[in-house]
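The structure appears right after this line, and notes come after that.
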Amino acid sequence: MPARRERNLSRGGRSPHRSLVDTIIPLFVNDRSGRAGELCDTLGQTRGLGIRRIPPEEIAEEVAREIESGTARIAVAGGDGTISTAAAHVAGKEVELAVIPGGTLNHFAGDLGIPADLAEASALATNGGAVALVDVGRVSGRVMLNTSSIGLYSAFVRDRDRIERRLGYRLASVVAATRLLLRLRSVRVELEVEGRVRVYHTPLLFVGVGEREIRVPMLGARVKNGRRQLHLFVVRRRSAWGLIGLAVLAAFRGSREISRTTHVDAFLLDHFRVHTHRRTIVAIDGELVTLDSPLEYRIERDALRVVVPRVEG
């Protein structure tokens, strides 16, 4: 679960913003999502939500405009990529973010205990019980809610997205993964940690916000009450069979065990740099972006106010 501090919702201490009472909360829906119609039909039945179905490239601008107008809470329906787009403008501000899981991947919402049921999630968005102060990462200034990676996963996302329209998400994932293993490539990176430079030729550099566990059944999820840092993994194995074996070992033995081997280097850090000596395709919360080297990674604690279920007791 993401590191977070909770506080009860109240109308006190909100002088810069309008009260949530009798306020229509703007709800942004990605117009190009395959579930956009379903989301709008279902969520439109919730009193207190003002649905705005807009193209993904306009979400950031519309969210920024709402913040400038003094809106106290913004709701977003979508997967991790859409949520991350909105969070980039909400982070560091007194605005609350209500998340409604509506995408293919909803790891951020799941880690926070936000219900997958649309009716329950929309009720939480309008009448929610608590606000959690959540840590985020930043990659060269870009907000990262969950994970970032260079190498294997970035190539996987690119191939999967290219063939998903023909084969569907699940089959496209299998085909993309198979192709990558058959033509596995490594990326040369220089990792600068605490003034020391380490050089790697790696198929995968993976970063998670908060301490991670990769053992079954967690498979990359956050460690409950884990360390509030960026968890960096750099894979040394560079053959397809070596990676498969490493994945099996990780699934059954866990992240601490594989970090003791010579096949993976793991670090828990507040800040580090990655030098690639060229523009690099980076996966951030499942979306691909091209960034200049060096890549600056850092943790930003208590940066995001997210509406979550109230914890009893």
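Ordered as shown in the structure tokens, chains take letters A, B, and onward, while each chain numbers its residues from 1 and ligands are numbered from 1 in the order shown.
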Exercise. Give me the residues within 9 Å of stretch 137-154 of chain A as a PyMOL selection string, counting only C-alpha atoms and dropping any in the same chain fewer than 2 places off.
Key: chain A and resi 2+80+83-85+87-89+91+107-108+135+156-159+180+184-187+202-210+222+229-230+280-288+291-292+294-301
Filtering to C-alpha atoms, could you give me those residues as a tab-separated table (two decimals), in the first residue's frame?
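File produced: part-v4.tsv:
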```
chain	number	residue	atom	x	y	z
A	2	PRO	CA	1.33	3.48	-0.76
A	80	ASP	CA	-3.21	4.50	-14.01
A	83	ILE	CA	-4.98	9.19	-13.13
A	84	SER	CA	-1.29	10.09	-13.38
A	85	THR	CA	-2.08	12.87	-15.89
A	87	ALA	CA	-2.15	13.86	-10.44
A	88	ALA	CA	0.65	15.80	-12.14
A	89	HIS	CA	-1.36	18.99	-11.59
A	91	ALA	CA	0.43	17.06	-6.55
A	107	HIS	CA	-2.92	-0.57	-9.50
A	108	PHE	CA	-2.89	2.83	-7.79
A	135	ASP	CA	3.92	9.76	-1.69
A	156	PHE	CA	6.82	-4.50	-24.33
A	157	VAL	CA	4.30	-1.66	-23.93
A	158	ARG	CA	5.21	-0.25	-27.35
A	159	ASP	CA	4.73	-3.62	-29.09
A	180	LEU	CA	10.74	-9.54	-26.78
A	184	LEU	CA	16.10	-9.53	-26.22
A	185	ARG	CA	18.22	-6.37	-26.12
A	186	SER	CA	20.18	-4.60	-23.41
A	187	VAL	CA	20.50	-0.90	-22.68
A	202	THR	CA	20.77	-4.28	-18.60
A	203	PRO	CA	17.56	-5.51	-20.27
A	204	LEU	CA	15.49	-3.87	-17.52
A	205	LEU	CA	15.78	-1.04	-15.03
A	206	PHE	CA	12.65	-0.88	-12.84
A	207	VAL	CA	11.64	1.72	-10.25
A	208	GLY	CA	8.70	1.56	-7.85
A	209	VAL	CA	7.31	4.25	-5.56
A	210	GLY	CA	7.69	2.72	-2.10
A	222	ARG	CA	3.92	-2.19	-2.44
A	229	GLN	CA	11.66	5.50	-0.81
A	230	LEU	CA	12.10	4.64	-4.46
A	280	THR	CA	15.36	7.43	-23.94
A	281	ILE	CA	11.88	5.91	-24.07
A	282	VAL	CA	10.71	5.60	-20.47
A	283	ALA	CA	7.58	3.88	-19.18
A	284	ILE	CA	5.83	5.88	-16.44
A	285	ASP	CA	2.67	4.35	-14.98
A	286	GLY	CA	2.16	2.33	-18.15
A	287	GLU	CA	2.54	5.30	-20.52
A	288	LEU	CA	5.57	5.83	-22.77
A	291	LEU	CA	13.08	12.02	-22.08
A	292	ASP	CA	16.56	13.52	-22.28
A	294	PRO	CA	20.18	12.22	-17.46
A	295	LEU	CA	16.92	11.03	-15.92
A	296	GLU	CA	16.41	12.51	-12.45
A	297	TYR	CA	14.44	10.26	-10.09
A	298	ARG	CA	13.31	11.44	-6.63
A	299	ILE	CA	10.67	10.71	-4.01
A	300	GLU	CA	8.20	13.41	-2.96
A	301	ARG	CA	6.49	12.53	0.33
```
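A straight line drawn from atom CA of A:Thr104 to atom CA of A:Ala177 is 17.4 Å long.
If only C-alpha atoms are the atoms counted, then among A:Leu167, A:Ile258, A:Ala176, A:Leu112 the closest residue to A:Val311 is A:Leu112.
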Self-check item: Shortest interatomic distance to A:Asp302 - which of A:Gly81, A:Gly50, A:Gly129, A:Gly92, counting only C-alpha atoms
Solution: A:Gly92
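Going from atom CA of A:Gly110 to atom CA of A:Thr71 covers 25.4 Å.
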